[in-house]
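File shown here: model35.tsv, holding TSV, C-alpha atoms.
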chain	number	residue	atom	x	y	z
A	1	MET	CA	-8.16	-13.59	21.63
A	2	ARG	CA	-7.64	-16.08	18.81
A	3	PHE	CA	-4.42	-16.56	16.84
A	4	GLN	CA	-3.53	-17.15	13.20
A	5	VAL	CA	-0.26	-18.03	11.46
A	6	LEU	CA	0.00	-16.29	8.06
A	7	ASP	CA	2.43	-17.01	5.21
A	8	ILE	CA	2.34	-14.94	2.00
A	9	LEU	CA	5.14	-17.12	0.61
A	10	PRO	CA	7.77	-14.48	-0.13
A	11	HIS	CA	10.61	-15.84	-2.24
A	12	LEU	CA	13.50	-13.55	-1.34
A	13	THR	CA	17.20	-14.04	-0.95
A	14	ASN	CA	18.22	-13.39	2.65
A	15	PRO	CA	19.81	-9.93	2.38
A	16	VAL	CA	22.45	-10.76	5.01
A	17	THR	CA	23.36	-14.40	4.30
A	18	GLY	CA	22.50	-14.62	0.59
A	19	ARG	CA	20.50	-17.79	1.24
A	20	GLU	CA	17.55	-18.59	-1.07
A	21	ILE	CA	15.15	-21.51	-0.70
A	22	ARG	CA	13.98	-23.56	-3.69
A	23	PRO	CA	10.23	-23.31	-4.49
A	24	ASP	CA	9.59	-26.99	-3.71
A	25	GLU	CA	11.25	-26.59	-0.31
A	26	ARG	CA	9.31	-23.39	0.34
A	27	PHE	CA	5.98	-25.10	-0.34
A	28	ALA	CA	6.93	-28.00	1.92
A	29	GLN	CA	7.81	-25.53	4.67
A	30	ALA	CA	4.41	-23.84	4.39
A	31	LEU	CA	2.61	-27.16	4.78
A	32	THR	CA	4.83	-28.21	7.68
A	33	SER	CA	4.26	-24.88	9.45
A	34	ALA	CA	0.49	-25.37	9.14
A	35	ARG	CA	0.68	-28.83	10.69
A	36	TYR	CA	2.83	-27.59	13.55
A	37	ALA	CA	0.54	-24.58	14.09
A	38	GLU	CA	-2.31	-27.02	14.60
A	39	GLN	CA	-0.18	-29.17	16.92
A	40	PHE	CA	0.85	-26.15	19.01
A	41	GLY	CA	-2.75	-24.97	19.46
A	42	TYR	CA	-3.12	-22.04	17.07
A	43	ASP	CA	-6.68	-21.37	15.94
A	44	ALA	CA	-6.10	-20.69	12.24
A	45	VAL	CA	-3.55	-20.83	9.45
A	46	ALA	CA	-3.63	-18.62	6.37
A	47	LEU	CA	-1.85	-18.21	3.05
A	48	GLY	CA	-1.69	-14.94	1.16
A	49	GLU	CA	-1.99	-14.46	-2.60
A	50	ARG	CA	0.26	-12.47	-4.93
A	51	HIS	CA	0.69	-12.53	-8.71
A	52	ALA	CA	3.55	-10.05	-9.11
A	53	GLY	CA	6.87	-9.65	-7.36
A	54	ALA	CA	8.98	-12.23	-5.54
A	55	PHE	CA	6.20	-14.44	-4.17
A	56	LEU	CA	5.17	-18.07	-4.66
A	57	SER	CA	1.53	-17.64	-3.63
A	58	SER	CA	-0.23	-17.45	-7.00
A	59	GLY	CA	-1.76	-20.94	-6.58
A	60	VAL	CA	-2.96	-20.44	-3.04
A	61	GLY	CA	-6.10	-22.58	-3.45
A	62	VAL	CA	-3.99	-25.63	-4.31
A	63	LEU	CA	-1.84	-25.19	-1.21
A	64	LEU	CA	-4.87	-24.63	1.02
A	65	GLY	CA	-6.31	-27.87	-0.30
A	66	ALA	CA	-3.10	-29.62	0.72
A	67	ILE	CA	-3.33	-28.06	4.18
A	68	ALA	CA	-6.98	-29.12	4.44
A	69	ALA	CA	-6.00	-32.70	3.64
A	70	THR	CA	-3.15	-32.86	6.14
A	71	THR	CA	-4.74	-31.12	9.15
A	72	SER	CA	-7.90	-31.88	11.09
A	73	ARG	CA	-8.80	-29.05	13.49
A	74	VAL	CA	-7.17	-25.73	12.63
A	75	ARG	CA	-9.24	-23.23	10.65
A	76	ILE	CA	-8.05	-22.40	7.14
A	77	GLN	CA	-8.02	-18.82	5.84
A	78	THR	CA	-6.71	-16.70	3.00
A	79	GLY	CA	-4.69	-13.58	3.63
A	80	VAL	CA	-6.02	-12.21	1.30
A	81	SER	CA	-7.71	-13.78	-1.69
A	82	VAL	CA	-7.46	-11.08	-4.38
A	83	LEU	CA	-11.08	-11.36	-5.49
A	84	SER	CA	-10.89	-8.16	-7.56
A	85	ILE	CA	-8.90	-10.01	-10.27
A	86	HIS	CA	-10.74	-13.36	-10.14
A	87	ASP	CA	-13.86	-14.84	-11.68
A	88	PRO	CA	-16.21	-15.17	-8.68
A	89	LEU	CA	-17.72	-18.36	-10.10
A	90	ARG	CA	-14.30	-20.03	-10.12
A	91	ALA	CA	-13.62	-18.64	-6.65
A	92	ALA	CA	-16.91	-20.12	-5.42
A	93	GLU	CA	-16.02	-23.52	-6.89
A	94	ASP	CA	-12.38	-23.58	-5.78
A	95	TYR	CA	-12.91	-22.43	-2.22
A	96	ALA	CA	-16.02	-24.56	-1.71
A	97	THR	CA	-13.78	-27.49	-2.64
A	98	VAL	CA	-11.35	-26.48	0.13
A	99	ASP	CA	-14.31	-26.04	2.48
A	100	GLN	CA	-15.50	-29.58	1.74
A	101	LEU	CA	-11.97	-31.04	2.03
A	102	SER	CA	-11.58	-29.40	5.43
A	103	ARG	CA	-15.15	-30.26	6.48
A	104	GLY	CA	-16.16	-26.71	7.16
A	105	ARG	CA	-12.91	-25.13	8.39
A	106	LEU	CA	-12.57	-22.53	5.62
A	107	GLU	CA	-13.02	-18.80	6.26
A	108	LEU	CA	-12.16	-16.57	3.31
A	109	VAL	CA	-10.42	-13.19	3.65
A	110	ILE	CA	-10.88	-11.12	0.49
A	111	GLY	CA	-9.39	-7.87	-0.78
A	112	LYS	CA	-8.58	-5.86	-3.87
A	113	GLY	CA	-4.84	-6.50	-3.46
A	114	ASN	CA	-2.02	-4.06	-2.77
A	115	GLU	CA	0.09	-4.95	-5.81
A	116	LEU	CA	-0.79	-2.73	-8.77
A	117	ARG	CA	1.41	-4.70	-11.17
A	118	GLN	CA	-0.95	-7.67	-11.08
A	119	LEU	CA	-4.00	-5.71	-12.28
A	120	PRO	CA	-3.18	-5.56	-16.02
A	121	MET	CA	-2.23	-9.26	-15.90
A	122	PHE	CA	-5.93	-9.94	-15.24
A	123	ASN	CA	-7.41	-7.20	-17.45
A	124	ILE	CA	-8.33	-4.87	-14.59
A	125	GLU	CA	-7.55	-1.19	-15.06
A	126	ASN	CA	-5.90	0.70	-12.21
A	127	GLY	CA	-8.76	2.45	-10.43
A	128	GLU	CA	-11.30	-0.27	-11.26
A	129	GLN	CA	-10.20	-2.72	-8.57
A	130	TRP	CA	-12.60	-1.38	-5.94
A	131	ASP	CA	-15.65	-1.59	-8.22
A	132	ALA	CA	-14.52	-5.02	-9.40
A	133	LEU	CA	-14.16	-6.23	-5.81
A	134	ALA	CA	-17.61	-5.00	-4.75
A	135	GLU	CA	-19.35	-6.49	-7.78
A	136	LYS	CA	-17.56	-9.83	-7.60
A	137	TYR	CA	-18.15	-10.12	-3.87
A	138	GLY	CA	-21.88	-9.58	-4.36
A	139	LEU	CA	-21.93	-12.42	-6.89
A	140	LEU	CA	-19.81	-14.72	-4.72
A	141	ARG	CA	-22.25	-14.25	-1.84
A	142	ARG	CA	-25.17	-15.24	-4.08
A	143	LEU	CA	-23.38	-18.27	-5.52
A	144	TRP	CA	-22.73	-19.62	-2.02
A	145	ARG	CA	-26.25	-18.90	-0.78
A	146	GLU	CA	-28.44	-19.59	-3.80
A	147	GLU	CA	-28.93	-22.13	-6.57
A	148	ASN	CA	-29.95	-21.36	-10.17
A	149	VAL	CA	-28.32	-17.91	-10.05
A	150	THR	CA	-29.12	-15.53	-12.90
A	151	TRP	CA	-26.88	-12.47	-12.91
A	152	GLN	CA	-25.41	-9.78	-15.12
A	153	GLY	CA	-22.61	-7.32	-14.34
A	154	ARG	CA	-19.65	-5.40	-15.65
A	155	PHE	CA	-16.58	-7.49	-14.89
A	156	ARG	CA	-17.57	-10.94	-16.19
A	157	GLY	CA	-20.11	-12.46	-18.55
A	158	PRO	CA	-23.73	-13.05	-17.50
A	159	LEU	CA	-24.95	-16.16	-15.72
A	160	ASP	CA	-28.24	-17.89	-16.48
A	161	GLY	CA	-29.54	-20.35	-13.92
A	162	VAL	CA	-26.11	-21.37	-12.63
A	163	THR	CA	-25.56	-23.48	-9.51
A	164	SER	CA	-21.92	-23.61	-8.45
A	165	LEU	CA	-20.58	-27.00	-7.39
A	166	PRO	CA	-19.50	-28.25	-4.99
A	167	ARG	CA	-21.77	-26.49	-2.56
A	168	PRO	CA	-20.08	-25.27	0.64
A	169	TYR	CA	-19.89	-27.68	3.54
A	170	ALA	CA	-22.49	-26.13	5.87
A	171	GLY	CA	-23.94	-22.95	4.42
A	172	ALA	CA	-21.72	-20.13	3.17
A	173	PRO	CA	-18.26	-19.86	4.76
A	174	ARG	CA	-17.57	-16.70	6.71
A	175	ILE	CA	-15.90	-13.96	4.65
A	176	TRP	CA	-13.64	-11.32	6.17
A	177	HIS	CA	-12.60	-8.13	4.38
A	178	GLY	CA	-8.91	-7.30	4.31
A	179	SER	CA	-8.21	-3.61	4.95
A	180	ALA	CA	-4.79	-2.04	4.46
A	181	THR	CA	-4.78	1.72	3.94
A	182	THR	CA	-8.20	2.98	2.79
A	183	LEU	CA	-11.75	3.13	4.09
A	184	THR	CA	-13.22	1.29	1.10
A	185	SER	CA	-12.84	-2.26	2.40
A	186	ALA	CA	-14.10	-1.16	5.81
A	187	GLU	CA	-17.19	0.26	4.09
A	188	LEU	CA	-17.78	-2.96	2.14
A	189	ALA	CA	-17.45	-5.09	5.28
A	190	ALA	CA	-19.85	-2.84	7.20
A	191	GLU	CA	-22.34	-2.81	4.34
A	192	TRP	CA	-22.70	-6.59	4.41
A	193	GLY	CA	-22.25	-7.09	8.15
A	194	ASP	CA	-19.00	-9.00	7.72
A	195	PRO	CA	-15.87	-8.96	9.92
A	196	LEU	CA	-12.83	-6.80	9.16
A	197	PHE	CA	-9.19	-7.90	8.91
A	198	SER	CA	-6.79	-4.99	9.38
A	199	ALA	CA	-3.32	-5.38	7.85
A	200	ASN	CA	-1.46	-3.60	10.68
A	201	ALA	CA	1.75	-4.34	8.80
A	202	ILE	CA	3.70	-1.24	7.80
A	203	GLN	CA	2.13	1.93	9.24
A	204	PRO	CA	1.66	3.41	12.74
A	205	ARG	CA	-1.04	1.87	14.93
A	206	ASP	CA	-3.23	4.98	14.86
A	207	ASN	CA	-3.62	4.78	11.06
A	208	TYR	CA	-5.27	1.38	11.43
A	209	THR	CA	-7.32	2.45	14.44
A	210	VAL	CA	-9.00	5.09	12.27
A	211	LEU	CA	-10.09	2.42	9.75
A	212	ILE	CA	-11.34	0.06	12.46
A	213	ASP	CA	-13.29	2.79	14.25
A	214	HIS	CA	-14.88	3.79	10.95
A	215	TYR	CA	-15.85	0.17	10.30
A	216	ARG	CA	-17.54	-0.21	13.68
A	217	GLN	CA	-19.43	3.06	13.25
A	218	ARG	CA	-20.71	2.16	9.80
A	219	TYR	CA	-21.49	-1.40	10.90
A	220	ALA	CA	-23.73	-0.06	13.67
A	221	GLU	CA	-25.36	2.48	11.36
A	222	ARG	CA	-26.28	-0.37	9.00
A	223	GLY	CA	-28.16	-2.07	11.85
A	224	HIS	CA	-26.10	-5.26	11.99
A	225	ASP	CA	-25.84	-7.32	15.16
A	226	PRO	CA	-22.84	-5.88	17.08
A	227	ARG	CA	-21.99	-9.30	18.52
A	228	PHE	CA	-20.54	-10.30	15.17
A	229	ALA	CA	-18.50	-7.19	14.34
A	230	TYR	CA	-15.29	-9.16	14.70
A	231	VAL	CA	-11.94	-7.55	13.94
A	232	ALA	CA	-8.61	-9.20	13.16
A	233	ALA	CA	-5.19	-7.59	12.96
A	234	GLY	CA	-1.97	-8.58	11.29
A	235	ALA	CA	1.53	-7.63	12.38
A	236	GLY	CA	4.93	-7.01	10.93
A	237	PHE	CA	7.68	-9.58	11.17
A	238	LEU	CA	7.83	-11.91	14.17
A	239	TYR	CA	11.15	-12.67	15.84
A	240	LEU	CA	11.20	-14.12	19.35
A	241	ALA	CA	14.29	-14.57	21.53
A	242	ASP	CA	15.10	-14.85	25.22
A	243	THR	CA	15.55	-11.08	25.48
A	244	THR	CA	14.51	-8.16	23.31
A	245	GLN	CA	18.16	-7.19	22.92
A	246	GLN	CA	18.99	-10.64	21.54
A	247	ALA	CA	16.06	-10.43	19.11
A	248	ARG	CA	17.11	-6.95	18.02
A	249	GLU	CA	20.72	-7.97	17.40
A	250	ALA	CA	19.79	-11.18	15.58
A	251	PHE	CA	17.02	-9.79	13.37
A	252	GLY	CA	17.79	-6.07	13.12
A	253	PRO	CA	20.23	-6.20	10.17
A	254	THR	CA	17.92	-8.45	8.15
A	255	TYR	CA	14.88	-6.29	8.93
A	256	GLU	CA	16.57	-3.03	7.95
A	257	ARG	CA	17.82	-4.42	4.65
A	258	ILE	CA	14.39	-5.83	3.81
A	259	VAL	CA	12.84	-2.40	4.47
A	260	ALA	CA	15.45	-0.69	2.30
A	261	TYR	CA	14.73	-3.17	-0.51
A	262	PHE	CA	10.95	-2.88	-0.17
A	263	ASN	CA	10.98	0.93	-0.18
A	264	GLN	CA	12.91	1.19	-3.46
A	265	PRO	CA	10.80	2.48	-6.38
A	266	GLY	CA	9.19	-0.40	-8.20
A	267	ASN	CA	9.20	-2.74	-5.19
A	268	HIS	CA	6.00	-1.43	-3.62
A	269	THR	CA	2.79	0.36	-4.51
A	270	PRO	CA	3.38	4.14	-4.32
A	271	GLY	CA	2.15	5.50	-0.99
A	272	ASN	CA	2.51	2.09	0.66
A	273	GLU	CA	6.08	2.37	1.90
A	274	MET	CA	7.22	0.75	5.15
A	275	THR	CA	7.25	3.57	7.70
A	276	PHE	CA	9.67	2.19	10.28
A	277	SER	CA	13.09	1.77	8.67
A	278	ASP	CA	15.02	1.48	11.96
A	279	ILE	CA	14.64	-1.71	14.02
A	280	ASP	CA	14.54	0.13	17.35
A	281	ASP	CA	11.77	2.43	16.16
A	282	ALA	CA	9.91	-0.54	14.69
A	283	ILE	CA	10.10	-2.40	18.01
A	284	ALA	CA	9.00	0.63	20.03
A	285	ARG	CA	6.23	2.05	17.82
A	286	GLY	CA	5.80	-0.10	14.73
A	287	PRO	CA	3.84	-3.25	13.91
A	288	VAL	CA	6.72	-5.74	14.25
A	289	LEU	CA	6.66	-8.34	17.01
A	290	VAL	CA	10.37	-8.55	17.77
A	291	GLY	CA	11.55	-9.24	21.31
A	292	SER	CA	11.22	-11.45	24.36
A	293	PRO	CA	7.98	-13.34	25.07
A	294	GLN	CA	6.98	-10.65	27.58
A	295	GLN	CA	7.73	-7.86	25.10
A	296	ILE	CA	5.68	-9.54	22.38
A	297	ALA	CA	2.72	-10.18	24.70
A	298	GLU	CA	2.77	-6.54	25.81
A	299	LYS	CA	2.98	-5.39	22.20
A	300	ILE	CA	-0.07	-7.44	21.16
A	301	LEU	CA	-2.04	-6.04	24.09
A	302	TRP	CA	-0.90	-2.56	23.02
A	303	PHE	CA	-2.39	-3.33	19.60
A	304	HIS	CA	-5.55	-4.47	21.40
A	305	GLU	CA	-5.84	-1.15	23.24
A	306	GLY	CA	-6.12	0.55	19.86
A	307	PHE	CA	-8.10	-2.07	17.93
A	308	GLY	CA	-10.12	-4.12	20.42
A	309	HIS	CA	-9.49	-7.00	18.05
A	310	ASP	CA	-10.48	-10.66	18.32
A	311	LEU	CA	-7.89	-12.38	16.12
A	312	GLN	CA	-4.14	-11.72	15.98
A	313	SER	CA	-2.12	-12.87	12.99
A	314	PHE	CA	1.61	-13.69	13.02
A	315	SER	CA	4.00	-13.71	10.07
A	316	LEU	CA	7.06	-15.89	10.59
A	317	PRO	CA	10.47	-14.61	9.42
A	318	THR	CA	10.62	-17.03	6.50
A	319	MET	CA	14.13	-16.00	5.46
A	320	ILE	CA	15.69	-17.73	8.49
A	321	PRO	CA	16.11	-21.54	8.80
A	322	HIS	CA	12.76	-23.30	9.04
A	323	GLU	CA	13.68	-25.22	12.17
A	324	GLN	CA	14.26	-21.90	13.92
A	325	GLN	CA	10.87	-20.65	12.73
A	326	LEU	CA	9.13	-23.70	14.22
A	327	THR	CA	10.94	-23.21	17.52
A	328	MET	CA	9.64	-19.63	17.64
A	329	LEU	CA	6.14	-20.85	16.81
A	330	GLU	CA	6.27	-23.33	19.68
A	331	ARG	CA	7.63	-20.80	22.18
A	332	LEU	CA	5.05	-18.23	21.11
A	333	ALA	CA	2.27	-20.76	21.72
A	334	ALA	CA	3.63	-21.73	25.13
A	335	GLU	CA	4.79	-18.38	26.52
A	336	VAL	CA	2.78	-15.62	24.79
A	337	LEU	CA	-0.60	-16.92	23.66
A	338	PRO	CA	-1.89	-17.95	27.12
A	339	VAL	CA	-1.10	-14.49	28.51
A	340	VAL	CA	-2.93	-12.70	25.72
A	341	ARG	CA	-5.88	-15.11	25.66
A	342	LYS	CA	-6.50	-14.41	29.35
A	343	ALA	CA	-6.11	-10.64	29.06
A	344	ALA	CA	-8.22	-10.23	25.88
A	345	PRO	CA	-11.12	-12.72	25.75
A	346	THR	CA	-13.34	-12.97	22.68
A	347	THR	CA	-16.46	-14.82	21.54
A	348	LEU	CA	-14.99	-15.50	18.07
A	349	TRP	CA	-15.29	-19.23	17.24
A	350	SER	CA	-16.92	-19.89	20.61
A	351	ASP	CA	-20.40	-21.23	21.32
A	352	ALA	CA	-21.65	-17.63	21.12
A	353	ASP	CA	-20.49	-17.42	17.50
A	354	PRO	CA	-22.58	-19.41	14.96
A	355	TYR	CA	-19.36	-20.21	13.10
A	356	GLY	CA	-17.86	-21.70	16.26
A	357	GLY	CA	-19.51	-25.05	15.69
A	358	ARG	CA	-19.63	-25.02	11.88
A	359	PRO	CA	-16.66	-27.34	11.19
A	360	ALA	CA	-17.00	-31.08	11.72
A	361	ALA	CA	-13.95	-30.91	14.01
A	362	HIS	CA	-15.87	-28.53	16.28
A	363	GLY	CA	-19.15	-30.42	16.32
A	364	ARG	CA	-21.01	-29.14	13.25
A	365	THR	CA	-23.64	-27.84	15.63
A	366	VAL	CA	-24.97	-25.23	13.18
A	367	ALA	CA	-26.26	-26.33	9.78
A	368	ASP	CA	-25.93	-22.86	8.23
A	369	ALA	CA	-23.94	-20.33	10.27
A	370	ALA	CA	-24.32	-17.57	7.66
A	371	ALA	CA	-28.11	-17.85	7.84
A	372	GLU	CA	-28.02	-17.72	11.64
A	373	ILE	CA	-26.07	-14.45	11.61
A	374	GLU	CA	-28.29	-12.92	8.92
A	375	LYS	CA	-31.37	-13.95	10.90
A	376	ALA	CA	-30.01	-12.19	14.01
A	377	THR	CA	-29.59	-8.96	12.02
A	378	SER	CA	-32.95	-8.98	10.23
Here is a file; write its structure as structure tokens.
Amino acid sequence: MRFQVLDILPHLTNPVTGREIRPDERFAQALTSARYAEQFGYDAVALGERHAGAFLSSGVGVLLGAIAATTSRVRIQTGVSVLSIHDPLRAAEDYATVDQLSRGRLELVIGKGNELRQLPMFNIENGEQWDALAEKYGLLRRLWREENVTWQGRFRGPLDGVTSLPRPYAGAPRIWHGSATTLTSAELAAEWGDPLFSANAIQPRDNYTVLIDHYRQRYAERGHDPRFAYVAAGAGFLYLADTTQQAREAFGPTYERIVAYFNQPGNHTPGNEMTFSDIDDAIARGPVLVGSPQQIAEKILWFHEGFGHDLQSFSLPTMIPHEQQLTMLERLAAEVLPVVRKAAPTTLWSDADPYGGRPAAHGRTVADAAAEIEKATS
């Protein structure tokens, strides 16, 4: 298995201590966490994107550029890029810039976004986000694979012989499809033969297993090469301590107050409430990774029994002191990741994956990984 560190840059007051971090400090922490993730041996770092609510991740492309410039090996991902509200031409330009800065380390994760309040801010009607995502993704694919693109659609003006610049570093970057609660993103990923990134953040494991199983079935029915049907999974909050009881006592009050805040009307998209309001239930059956190193390793492998996934994402508890977060990140890398890597091997980003050698840091052994995968399917 491979491992990613995700930060969606929440900007919340700690519900227990009342502590709030200034935006400039929060950005610095995100960049520092990315550098340490690379140092500790994680495979990828990712930043989410939100445009409504208490988040600082509206300018995610700028921050990813900073990460690209200050790291050298770790892969750089979004989590997710809300393509449904963006101009795909600007997305092609902005993220190709990050891809060039990182010398081929970018892999985009796209989605329609779970926050309904941001839709009218970008002139998208509620209910149109799925159609907007599918149309804009089709154009983004063309802009990264073709020059002199002529195109006409519903959600942006026509293009006539447009070549987006800069071009990506080595063929089109890999694009994953973020999937939270519906089958639509799984369908879109399967249609194009792309990998799936399951949120696995707030609901029971079986709810996400249904979406992943559907994706694999539709992927096979479309005739795509099964070697590249990669799946990633997120998780709820991470909190690691010497024992599960210590983790529960230290993080339980904060977790339960965050859930109570999130589940209030107006603080979440209706139907997207956090299911596990009690810390003990969340540890036993929910998506949180709270406990001892052994408990967390066993929990990830329990996820793997349901998902068969290749990439596990971690979300640090960003409301606690940053030094404590980095200590958890280091312990996780030393005490949990080796156990899970051995128990759940994957070909993702290996020599068997065309994208394994795409970045300069990993040899740039494939000139156009996207073309290699499409050739294997055709």
At most 12 Å is the cut-off: for each residue in segment 32-115 of chain A with any atom that close to an atom of segment 347-351 of chain A, write down the nearest atom pair and the distance in Å rounded to one decimal, counting only C-alpha atoms, chain first then increasing number, as a tab-separated table.
residue	atom	partner	partner_atom	distance
A:Asp43	CA	A:Trp349	CA	9.0
A:Ala44	CA	A:Trp349	CA	10.6
A:Val74	CA	A:Trp349	CA	11.4
A:Arg75	CA	A:Trp349	CA	9.8
A:Arg105	CA	A:Trp349	CA	10.9
A:Glu107	CA	A:Trp349	CA	11.2
Would you mind telling me which residue in A:Arg257, A:Gly306, A:Asp242, A:Thr184 lies nearest to Asp213 of chain A when using all atoms listed in the file? A:Gly306
Could you pull the residues within 12 Å of Leu119 of chain A, counting all atoms listed in the file, minus those fewer than 2 positions along the same chain, as a PyMOL selection string? chain A and resi 50-52+82-86+112-117+121-130+132+269
Between atom CA of Asp280 of chain A and atom CA of Val259 of chain A, distance in Å (one decimal):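 Computed distance, atom CA of Asp280 of chain A to atom CA of Val259 of chain A, equals 13.2 Å.
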Nearest to Ala30 of chain A among A:Ala367, A:Ala170, A:Val60, A:Ala235, with distances taken over all atoms listed in the file: which residue is it? A:Val60
Residues at most 12 Å from Arg205 of chain A, counting only C-alpha atoms, excluding those fewer than 6 positions away in the same chain, as a PDB file with C-alpha atoms, in the frame of the given file?
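Output contents, as saved in around38.pdb:
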ATOM      1  CA  ALA A 180      -4.790  -2.040   4.460  1.00  0.00           C
ATOM      2  CA  THR A 181      -4.780   1.720   3.940  1.00  0.00           C
ATOM      3  CA  SER A 198      -6.790  -4.990   9.380  1.00  0.00           C
ATOM      4  CA  ALA A 199      -3.320  -5.380   7.850  1.00  0.00           C
ATOM      5  CA  LEU A 211     -10.090   2.420   9.750  1.00  0.00           C
ATOM      6  CA  ILE A 212     -11.340   0.060  12.460  1.00  0.00           C
ATOM      7  CA  ALA A 233      -5.190  -7.590  12.960  1.00  0.00           C
ATOM      8  CA  GLY A 234      -1.970  -8.580  11.290  1.00  0.00           C
ATOM      9  CA  ALA A 235       1.530  -7.630  12.380  1.00  0.00           C
ATOM     10  CA  GLY A 236       4.930  -7.010  10.930  1.00  0.00           C
ATOM     11  CA  THR A 275       7.250   3.570   7.700  1.00  0.00           C
ATOM     12  CA  PHE A 276       9.670   2.190  10.280  1.00  0.00           C
ATOM     13  CA  ALA A 282       9.910  -0.540  14.690  1.00  0.00           C
ATOM     14  CA  ALA A 284       9.000   0.630  20.030  1.00  0.00           C
ATOM     15  CA  ARG A 285       6.230   2.050  17.820  1.00  0.00           C
ATOM     16  CA  GLY A 286       5.800  -0.100  14.730  1.00  0.00           C
ATOM     17  CA  PRO A 287       3.840  -3.250  13.910  1.00  0.00           C
ATOM     18  CA  VAL A 288       6.720  -5.740  14.250  1.00  0.00           C
ATOM     19  CA  LYS A 299       2.980  -5.390  22.200  1.00  0.00           C
ATOM     20  CA  ILE A 300      -0.070  -7.440  21.160  1.00  0.00           C
ATOM     21  CA  TRP A 302      -0.900  -2.560  23.020  1.00  0.00           C
ATOM     22  CA  PHE A 303      -2.390  -3.330  19.600  1.00  0.00           C
ATOM     23  CA  HIS A 304      -5.550  -4.470  21.400  1.00  0.00           C
ATOM     24  CA  GLU A 305      -5.840  -1.150  23.240  1.00  0.00           C
ATOM     25  CA  GLY A 306      -6.120   0.550  19.860  1.00  0.00           C
ATOM     26  CA  PHE A 307      -8.100  -2.070  17.930  1.00  0.00           C
TER      27      PHE A 307
END
Report as a PyMOL selection string all protein, DNA and RNA residues lying within 7 Å of segment 309-320 of chain A, evaluated on only C-alpha atoms, omitting residues in the same chain fewer than 6 positions from it. chain A and resi 1-7+14+230-239+346+348
Go ahead and save the residues from that selection, with C-alpha atoms, as a PDB file, in the frame of the given file.
ATOM      1  CA  MET A   1      -8.160 -13.590  21.630  1.00  0.00           C
ATOM      2  CA  ARG A   2      -7.640 -16.080  18.810  1.00  0.00           C
ATOM      3  CA  PHE A   3      -4.420 -16.560  16.840  1.00  0.00           C
ATOM      4  CA  GLN A   4      -3.530 -17.150  13.200  1.00  0.00           C
ATOM      5  CA  VAL A   5      -0.260 -18.030  11.460  1.00  0.00           C
ATOM      6  CA  LEU A   6       0.000 -16.290   8.060  1.00  0.00           C
ATOM      7  CA  ASP A   7       2.430 -17.010   5.210  1.00  0.00           C
ATOM      8  CA  ASN A  14      18.220 -13.390   2.650  1.00  0.00           C
ATOM      9  CA  TYR A 230     -15.290  -9.160  14.700  1.00  0.00           C
ATOM     10  CA  VAL A 231     -11.940  -7.550  13.940  1.00  0.00           C
ATOM     11  CA  ALA A 232      -8.610  -9.200  13.160  1.00  0.00           C
ATOM     12  CA  ALA A 233      -5.190  -7.590  12.960  1.00  0.00           C
ATOM     13  CA  GLY A 234      -1.970  -8.580  11.290  1.00  0.00           C
ATOM     14  CA  ALA A 235       1.530  -7.630  12.380  1.00  0.00           C
ATOM     15  CA  GLY A 236       4.930  -7.010  10.930  1.00  0.00           C
ATOM     16  CA  PHE A 237       7.680  -9.580  11.170  1.00  0.00           C
ATOM     17  CA  LEU A 238       7.830 -11.910  14.170  1.00  0.00           C
ATOM     18  CA  TYR A 239      11.150 -12.670  15.840  1.00  0.00           C
ATOM     19  CA  THR A 346     -13.340 -12.970  22.680  1.00  0.00           C
ATOM     20  CA  LEU A 348     -14.990 -15.500  18.070  1.00  0.00           C
TER      21      LEU A 348
END
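Comparing A:Thr150, A:Phe155, A:Leu188, A:Ile76 by their smallest distance to Tyr42 of chain A, the closest is A:Ile76 (using all atoms listed in the file).
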Given all atoms listed in the file as the basis, pick out the residue of A:Arg227, A:Ala66, A:Arg141, A:Arg103 nearest to His362 of chain A. A:Arg103
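The coordinates place atom CA of Ala344 of chain A at 24.3 Å from atom CA of Ala369 of chain A.
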Distance in Å - atom CA of Ala247 of chain A versus atom CA of Gly291 of chain A: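 Rounded to one decimal, the two atoms are 5.2 Å apart.
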